[in-house]
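Next up, protein16.cif (mmCIF, C-alpha atoms):
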```
data_protein
loop_
_atom_site.label_atom_id
_atom_site.label_comp_id
_atom_site.auth_asym_id
_atom_site.auth_seq_id
_atom_site.Cartn_x
_atom_site.Cartn_y
_atom_site.Cartn_z
CA MET A 1 44.79 17.47 -0.77
CA SER A 2 44.29 13.73 -0.94
CA SER A 3 42.02 13.77 2.13
CA ILE A 4 39.95 16.61 0.64
CA ALA A 5 39.66 14.71 -2.63
CA ALA A 6 38.61 11.60 -0.75
CA THR A 7 35.99 13.57 1.17
CA ASP A 8 34.63 15.09 -2.04
CA GLN A 9 34.48 11.65 -3.59
CA THR A 10 32.57 10.29 -0.60
CA ILE A 11 30.08 13.15 -0.73
CA SER A 12 29.65 12.62 -4.47
CA THR A 13 29.08 8.91 -3.94
CA GLU A 14 26.47 9.58 -1.25
CA LYS A 15 24.68 12.05 -3.50
CA ALA A 16 24.65 9.51 -6.31
CA LYS A 17 23.32 6.73 -4.09
CA VAL A 18 19.97 5.54 -5.39
CA ILE A 19 17.54 4.82 -2.57
CA GLN A 20 14.43 4.09 -4.62
CA PRO A 21 14.92 2.84 -8.20
CA ALA A 22 12.77 4.28 -10.97
CA TRP A 23 10.48 1.27 -11.30
CA VAL A 24 9.64 1.40 -7.59
CA ARG A 25 8.84 5.12 -7.73
CA VAL A 26 6.64 4.83 -10.82
CA MET A 27 4.69 1.86 -9.47
CA HIS A 28 4.39 3.46 -6.03
CA TRP A 29 2.67 6.58 -7.36
CA ILE A 30 0.47 4.64 -9.80
CA ASN A 31 -0.59 2.45 -6.90
CA ALA A 32 -1.27 5.52 -4.74
CA VAL A 33 -3.59 7.05 -7.36
CA ALA A 34 -5.37 3.76 -8.03
CA MET A 35 -5.83 3.08 -4.33
CA ILE A 36 -7.30 6.51 -3.61
CA LEU A 37 -9.74 6.15 -6.52
CA MET A 38 -10.77 2.69 -5.33
CA ILE A 39 -11.25 3.75 -1.73
CA MET A 40 -13.34 6.83 -2.57
CA SER A 41 -15.49 5.01 -5.14
CA GLY A 42 -15.73 2.03 -2.78
CA TRP A 43 -17.17 4.27 -0.07
CA GLN A 44 -19.88 5.40 -2.50
CA ILE A 45 -20.64 1.75 -3.36
CA TYR A 46 -20.78 0.94 0.36
CA ASN A 47 -23.28 3.77 0.92
CA ALA A 48 -25.69 2.08 -1.50
CA SER A 49 -25.80 -1.02 0.72
CA PRO A 50 -24.04 -0.34 4.04
CA LEU A 51 -22.75 -3.15 6.22
CA PHE A 52 -22.85 -1.08 9.40
CA ASP A 53 -24.99 1.68 10.86
CA PHE A 54 -23.11 4.53 9.20
CA ARG A 55 -22.44 5.98 5.80
CA PHE A 56 -19.51 7.90 4.36
CA ASP A 57 -20.00 11.58 3.67
CA ARG A 58 -20.59 12.30 -0.02
CA SER A 59 -17.78 14.87 0.01
CA ILE A 60 -15.19 12.08 0.37
CA THR A 61 -16.78 9.65 -2.09
CA LEU A 62 -16.34 9.32 -5.84
CA GLY A 63 -18.89 8.63 -8.54
CA GLY A 64 -21.92 10.60 -7.35
CA TRP A 65 -24.19 7.55 -7.44
CA LEU A 66 -23.90 3.74 -7.45
CA GLY A 67 -23.48 3.39 -11.22
CA GLY A 68 -20.85 6.10 -11.44
CA ALA A 69 -18.98 4.73 -8.44
CA LEU A 70 -18.92 1.25 -9.98
CA LEU A 71 -17.43 2.64 -13.19
CA TRP A 72 -14.66 4.40 -11.26
CA HIS A 73 -14.10 1.33 -9.07
CA PHE A 74 -13.73 -1.08 -11.99
CA ALA A 75 -11.46 1.29 -13.92
CA ALA A 76 -9.19 1.76 -10.91
CA MET A 77 -9.38 -1.98 -10.16
CA TRP A 78 -7.64 -2.91 -13.41
CA LEU A 79 -5.00 -0.25 -12.87
CA LEU A 80 -4.37 -1.50 -9.34
CA MET A 81 -4.31 -5.17 -10.32
CA LEU A 82 -1.96 -4.76 -13.28
CA ASN A 83 0.35 -2.41 -11.41
CA GLY A 84 0.28 -4.60 -8.32
CA LEU A 85 1.05 -7.73 -10.32
CA ALA A 86 3.94 -5.97 -12.06
CA TYR A 87 5.24 -4.81 -8.68
CA LEU A 88 5.09 -8.31 -7.18
CA VAL A 89 6.78 -9.94 -10.18
CA THR A 90 9.50 -7.29 -10.39
CA GLY A 91 10.07 -7.29 -6.63
CA LEU A 92 10.49 -11.06 -6.60
CA ALA A 93 12.54 -11.24 -9.81
CA THR A 94 15.01 -8.55 -8.72
CA GLY A 95 15.29 -9.94 -5.19
CA ARG A 96 14.19 -6.60 -3.73
CA PHE A 97 11.60 -8.19 -1.45
CA ARG A 98 14.14 -10.65 -0.06
CA ARG A 99 16.76 -7.95 0.51
CA LYS A 100 14.42 -5.29 1.89
CA LEU A 101 11.75 -7.20 3.79
CA LEU A 102 13.49 -10.28 5.13
CA PRO A 103 14.30 -11.41 7.70
CA VAL A 104 11.89 -10.01 10.28
CA SER A 105 11.38 -11.37 13.78
CA PRO A 106 9.00 -10.56 16.67
CA SER A 107 11.91 -9.54 18.90
CA ALA A 108 13.20 -7.10 16.29
CA VAL A 109 9.73 -5.61 15.84
CA ILE A 110 9.31 -5.13 19.60
CA ALA A 111 12.77 -3.57 19.90
CA ASP A 112 12.11 -1.12 17.07
CA ILE A 113 8.69 -0.19 18.47
CA LYS A 114 10.33 0.64 21.80
CA ALA A 115 13.00 2.67 19.99
CA ALA A 116 10.31 4.54 18.04
CA LEU A 117 8.31 5.34 21.16
CA THR A 118 11.41 6.80 22.81
CA PHE A 119 12.39 8.67 19.61
CA LYS A 120 15.59 6.63 19.29
CA LEU A 121 14.76 4.84 16.06
CA SER A 122 17.40 5.71 13.48
CA HIS A 123 16.47 6.89 9.98
CA ALA A 124 20.04 7.61 8.90
CA ASP A 125 20.14 4.96 6.16
CA LEU A 126 16.92 4.93 4.12
CA THR A 127 18.11 1.95 2.10
CA VAL A 128 17.61 -0.26 5.17
CA TYR A 129 14.10 -0.86 6.48
CA ASN A 130 13.61 -1.31 10.21
CA ALA A 131 11.62 -4.27 11.54
CA VAL A 132 8.40 -2.28 11.89
CA GLN A 133 8.61 -1.13 8.28
CA LYS A 134 9.25 -4.69 7.14
CA LEU A 135 6.23 -5.94 9.04
CA LEU A 136 3.99 -3.17 7.70
CA TYR A 137 5.08 -3.67 4.08
CA LEU A 138 4.74 -7.45 4.24
CA GLY A 139 1.35 -7.02 5.88
CA ILE A 140 0.03 -4.55 3.32
CA ILE A 141 1.14 -6.80 0.45
CA LEU A 142 -0.86 -9.64 2.00
CA VAL A 143 -3.85 -7.37 2.62
CA GLY A 144 -3.62 -6.13 -0.98
CA ILE A 145 -3.85 -9.70 -2.29
CA VAL A 146 -6.85 -10.48 -0.05
CA VAL A 147 -8.69 -7.26 -0.96
CA VAL A 148 -8.30 -8.06 -4.67
CA LEU A 149 -9.51 -11.65 -4.23
CA SER A 150 -12.47 -10.63 -2.06
CA GLY A 151 -13.30 -7.85 -4.53
CA LEU A 152 -13.30 -10.30 -7.44
CA SER A 153 -15.61 -12.65 -5.52
CA ILE A 154 -18.05 -9.78 -4.91
CA TRP A 155 -17.83 -8.66 -8.55
CA LYS A 156 -18.43 -12.08 -10.10
CA PRO A 157 -20.03 -14.24 -7.40
CA VAL A 158 -21.53 -16.72 -9.89
CA GLN A 159 -18.58 -17.11 -12.23
CA LEU A 160 -16.12 -17.18 -9.32
CA HIS A 161 -18.33 -19.13 -6.91
CA TRP A 162 -15.30 -21.13 -5.76
CA LEU A 163 -13.66 -17.90 -4.65
CA VAL A 164 -16.81 -16.85 -2.80
CA THR A 165 -16.78 -20.23 -1.06
CA LEU A 166 -13.21 -19.59 0.00
CA PHE A 167 -14.43 -16.60 2.03
CA GLY A 168 -17.45 -18.50 3.33
CA ASP A 169 -20.26 -16.83 1.38
CA TYR A 170 -21.09 -13.58 -0.41
CA PRO A 171 -21.88 -11.50 2.74
CA ALA A 172 -18.68 -12.75 4.40
CA ALA A 173 -16.68 -11.72 1.34
CA ARG A 174 -18.13 -8.21 1.67
CA TYR A 175 -17.07 -8.01 5.31
CA VAL A 176 -13.56 -9.25 4.44
CA HIS A 177 -13.36 -6.65 1.67
CA PHE A 178 -14.44 -3.89 4.06
CA VAL A 179 -11.93 -4.93 6.75
CA CYS A 180 -9.12 -4.99 4.19
CA MET A 181 -10.14 -1.51 3.03
CA ALA A 182 -10.00 -0.29 6.64
CA LEU A 183 -6.55 -1.82 7.11
CA ILE A 184 -5.31 -0.17 3.91
CA CYS A 185 -6.65 3.21 5.09
CA ALA A 186 -4.89 2.74 8.45
CA PHE A 187 -1.67 1.86 6.61
CA LEU A 188 -1.97 4.97 4.43
CA VAL A 189 -2.38 7.18 7.50
CA ILE A 190 0.70 5.68 9.17
CA HIS A 191 2.62 5.79 5.89
CA ILE A 192 1.87 9.48 5.33
CA LEU A 193 2.67 10.39 8.95
CA LEU A 194 6.05 8.65 8.72
CA ALA A 195 6.77 10.43 5.44
CA LEU A 196 6.04 13.77 7.11
CA LEU A 197 8.22 12.88 10.10
CA VAL A 198 11.08 11.79 7.82
CA PRO A 199 10.82 14.16 4.79
CA LYS A 200 13.90 12.73 3.09
CA SER A 201 12.01 9.46 2.60
CA LEU A 202 9.38 11.35 0.59
CA ARG A 203 12.11 13.05 -1.44
CA ALA A 204 13.65 9.65 -2.17
CA MET A 205 10.31 8.38 -3.47
CA ILE A 206 10.10 11.38 -5.81
CA ILE A 207 13.66 11.76 -7.13
CA GLY A 208 15.08 8.43 -6.03
CA ARG A 209 18.01 9.86 -4.03
#
```
Mind turning this structure into structure tokens?
Amino acid sequence: MSSIAATDQTISTEKAKVIQPAWVRVMHWINAVAMILMIMSGWQIYNASPLFDFRFDRSITLGGWLGGALLWHFAAMWLLMLNGLAYLVTGLATGRFRRKLLPVSPSAVIADIKAALTFKLSHADLTVYNAVQKLLYLGIILVGIVVVLSGLSIWKPVQLHWLVTLFGDYPAARYVHFVCMALICAFLVIHILLALLVPKSLRAMIIGR
């Protein structure tokens, strides 16, 4: 009886184990909505003055025209900035970033990539990020900071001329902003694919367990 009770207690403990706390889940989904709005409206803004010899199809843009896209982009910008700032402050204050994302080393990343390619990468414990996840999350945080700064320099090039200078000039800031957008899109594709391959990670981001 004691062994059965112990087993039941273990199962109960595992069921009660919180993988993603509430603040992470709320900020994650707010960020997802804000990012999608910014990307789609950003594509419409890009179409008005393209950097390259292509345009995004109107069916995947937001705003209908330049003025409407700018309104959507600025509205989503504040949501993304405030939510992102809250996420950074909370992640640092609670020590989550240190526990989850550090340390990470090139050798660990290479080893985990090899394990993933041979389908030997373990996903048994979702509370522990592998080296590839750590690298991706650290990278996307950095890209998020750069895309905000480059976006601000494009938005207010006169008032924030020092920020424009940091990127070189106004056209360079646009290219940096575009590259960051492309990196974020690539991250989202990988992120969604991994969520589909490991469905319990998606469940954890919805219910926390």
Counting all atoms listed in the file, the residue of A:Leu193, A:Ala116, A:Leu80, A:Ala108 that sits nearest Trp29 in chain A: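 Among the listed residues, A:Leu80 lies closest to Trp29 in chain A.
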Using all atoms listed in the file, what does the table of range 86-202 of chain A residues within 12 Å of range 42-45 of chain A look like, with each row giving the shortest atom pair and its distance in Å to one decimal, sorted by chain and ascending number, as a tab-separated table?
```
residue	atom	partner	partner_atom	distance
A:Val147	CA	A:Gly42	CA	11.8
A:Gly151	CA	A:Gly42	CA	10.3
A:Ile154	CA	A:Ile45	CA	11.9
A:Trp155	CA	A:Ile45	CA	12.0
A:Arg174	CA	A:Gly42	CA	11.4
A:His177	CA	A:Gly42	CA	10.0
A:Phe178	CA	A:Gly42	CA	9.1
A:Cys180	CA	A:Gly42	CA	11.9
A:Met181	CA	A:Gly42	CA	8.8
A:Ala182	CA	A:Trp43	CA	10.8
A:Cys185	CA	A:Trp43	CA	11.8
```
Residues from last step as file, C-alpha atoms, as a PDB file, keeping the file's coordinate frame:
```pdb
ATOM      1  CA  VAL A 147      -8.690  -7.260  -0.960  1.00  0.00           C
ATOM      2  CA  GLY A 151     -13.300  -7.850  -4.530  1.00  0.00           C
ATOM      3  CA  ILE A 154     -18.050  -9.780  -4.910  1.00  0.00           C
ATOM      4  CA  TRP A 155     -17.830  -8.660  -8.550  1.00  0.00           C
ATOM      5  CA  ARG A 174     -18.130  -8.210   1.670  1.00  0.00           C
ATOM      6  CA  HIS A 177     -13.360  -6.650   1.670  1.00  0.00           C
ATOM      7  CA  PHE A 178     -14.440  -3.890   4.060  1.00  0.00           C
ATOM      8  CA  CYS A 180      -9.120  -4.990   4.190  1.00  0.00           C
ATOM      9  CA  MET A 181     -10.140  -1.510   3.030  1.00  0.00           C
ATOM     10  CA  ALA A 182     -10.000  -0.290   6.640  1.00  0.00           C
ATOM     11  CA  CYS A 185      -6.650   3.210   5.090  1.00  0.00           C
TER      12      CYS A 185
END
```
Would you please work out which residue, of A:Leu202, A:Trp23, A:Val132, A:Thr127, is nearest to Ile113 in chain A when using all atoms listed in the file?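 The shortest atom-to-atom distance to Ile113 in chain A comes from A:Val132.
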Have a look at CA of Ser201 in chain A and CA of Ala32 in chain A and let me know their distance in Å, one decimal.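 Interatomic distance here is 15.7 Å.
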Computed interatomic separation between CA of Phe97 in chain A and CA of Ile141 in chain A (Å):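 Interatomic distance, CA of Phe97 in chain A to CA of Ile141 in chain A: 10.7 Å.
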Residue nearest Val179 in chain A - candidates A:Pro157, A:Gly144, A:Gly63, A:Pro106, atoms counted: all atoms listed in the file: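 Selected residue with least distance to Val179 in chain A: A:Gly144.
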Once you add 5 Å to each side, what are the centre and edge lengths of the axis-aligned box holding all listed atoms of range 130-143 of chain A? One decimal in Å, as lines of an AutoDock Vina configuration file, if you can.
```
center_x = 4.9
center_y = -5.4
center_z = 6.2
size_x = 27.5
size_y = 18.5
size_z = 21.4
```
Hey, can you pull every residue with an atom no more than 8 Å from (-19.0, 2.5, -4.3), using all atoms listed in the file, and send it as a list in words?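 Result, sorted by chain then residue number: Met40, Ser41, Gly42, Trp43, Gln44, Ile45, Tyr46, Asn47, Ala48, Thr61, Leu62, Gly63, Trp65, Leu66, Ala69, Leu70 and His73 of chain A.
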Counting only C-alpha atoms, which residue out of A:Ser153, A:Leu101, A:Ser107, A:Phe167 sits closest to Tyr129 in chain A?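 Using only C-alpha atoms, Tyr129 in chain A sits closest to A:Leu101.
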Counting only C-alpha atoms, closest pick from A:Val143, A:Trp78, A:Arg209, A:Val89 relative to Arg25 in chain A is A:Arg209
I'd like the interatomic distance between CA of Leu88 in chain A and CA of Ala195 in chain A, to a tenth of an Å.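 Rounded to one decimal, the two atoms are 22.7 Å apart.
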Show me, as a list of chain:residue names, the residues that have an atom within 12 Å of Ala115 in chain A when counting only C-alpha atoms, minus same-chain residues fewer than 6 positions from it. A:Ala108, A:Val109, A:Leu121, A:Ser122, A:His123, A:Asn130, A:Ala131, A:Val132
Missing atoms of range 131-147 of chain A rebuilt to N, CA and C atoms, written as a short mmCIF file (atom, residue, chain, number, x, y, z; two decimals), in the frame of the given file:
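Dumped to out-v3.cif:
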```cif
data_model
loop_
_atom_site.label_atom_id
_atom_site.label_comp_id
_atom_site.auth_asym_id
_atom_site.auth_seq_id
_atom_site.Cartn_x
_atom_site.Cartn_y
_atom_site.Cartn_z
N ALA A 131 12.51 -3.12 11.42
CA ALA A 131 11.62 -4.27 11.54
C ALA A 131 10.15 -3.89 11.44
N VAL A 132 9.79 -2.72 11.96
CA VAL A 132 8.40 -2.28 11.89
C VAL A 132 8.00 -2.01 10.44
N GLN A 133 8.88 -1.38 9.69
CA GLN A 133 8.61 -1.13 8.28
C GLN A 133 8.45 -2.44 7.52
N LYS A 134 9.33 -3.38 7.80
CA LYS A 134 9.25 -4.69 7.14
C LYS A 134 7.91 -5.35 7.40
N LEU A 135 7.50 -5.32 8.67
CA LEU A 135 6.23 -5.94 9.04
C LEU A 135 5.05 -5.25 8.36
N LEU A 136 5.07 -3.92 8.33
CA LEU A 136 3.99 -3.17 7.70
C LEU A 136 3.91 -3.44 6.20
N TYR A 137 5.07 -3.45 5.52
CA TYR A 137 5.08 -3.67 4.08
C TYR A 137 4.68 -5.09 3.72
N LEU A 138 5.16 -6.07 4.47
CA LEU A 138 4.74 -7.45 4.24
C LEU A 138 3.24 -7.59 4.49
N GLY A 139 2.77 -6.95 5.55
CA GLY A 139 1.35 -7.02 5.88
C GLY A 139 0.47 -6.40 4.82
N ILE A 140 0.87 -5.24 4.30
CA ILE A 140 0.03 -4.55 3.32
C ILE A 140 0.04 -5.27 1.98
N ILE A 141 1.13 -5.97 1.66
CA ILE A 141 1.14 -6.80 0.45
C ILE A 141 0.12 -7.92 0.58
N LEU A 142 0.10 -8.57 1.75
CA LEU A 142 -0.86 -9.64 2.00
C LEU A 142 -2.29 -9.11 1.96
N VAL A 143 -2.52 -7.97 2.62
CA VAL A 143 -3.85 -7.37 2.62
C VAL A 143 -4.27 -6.99 1.20
N GLY A 144 -3.32 -6.49 0.41
CA GLY A 144 -3.62 -6.13 -0.98
C GLY A 144 -4.08 -7.33 -1.80
N ILE A 145 -3.45 -8.48 -1.57
CA ILE A 145 -3.85 -9.70 -2.29
C ILE A 145 -5.26 -10.12 -1.87
N VAL A 146 -5.53 -10.07 -0.56
CA VAL A 146 -6.85 -10.48 -0.05
C VAL A 146 -7.94 -9.52 -0.51
N VAL A 147 -7.65 -8.22 -0.55
CA VAL A 147 -8.69 -7.26 -0.96
C VAL A 147 -9.03 -7.44 -2.44
#
```
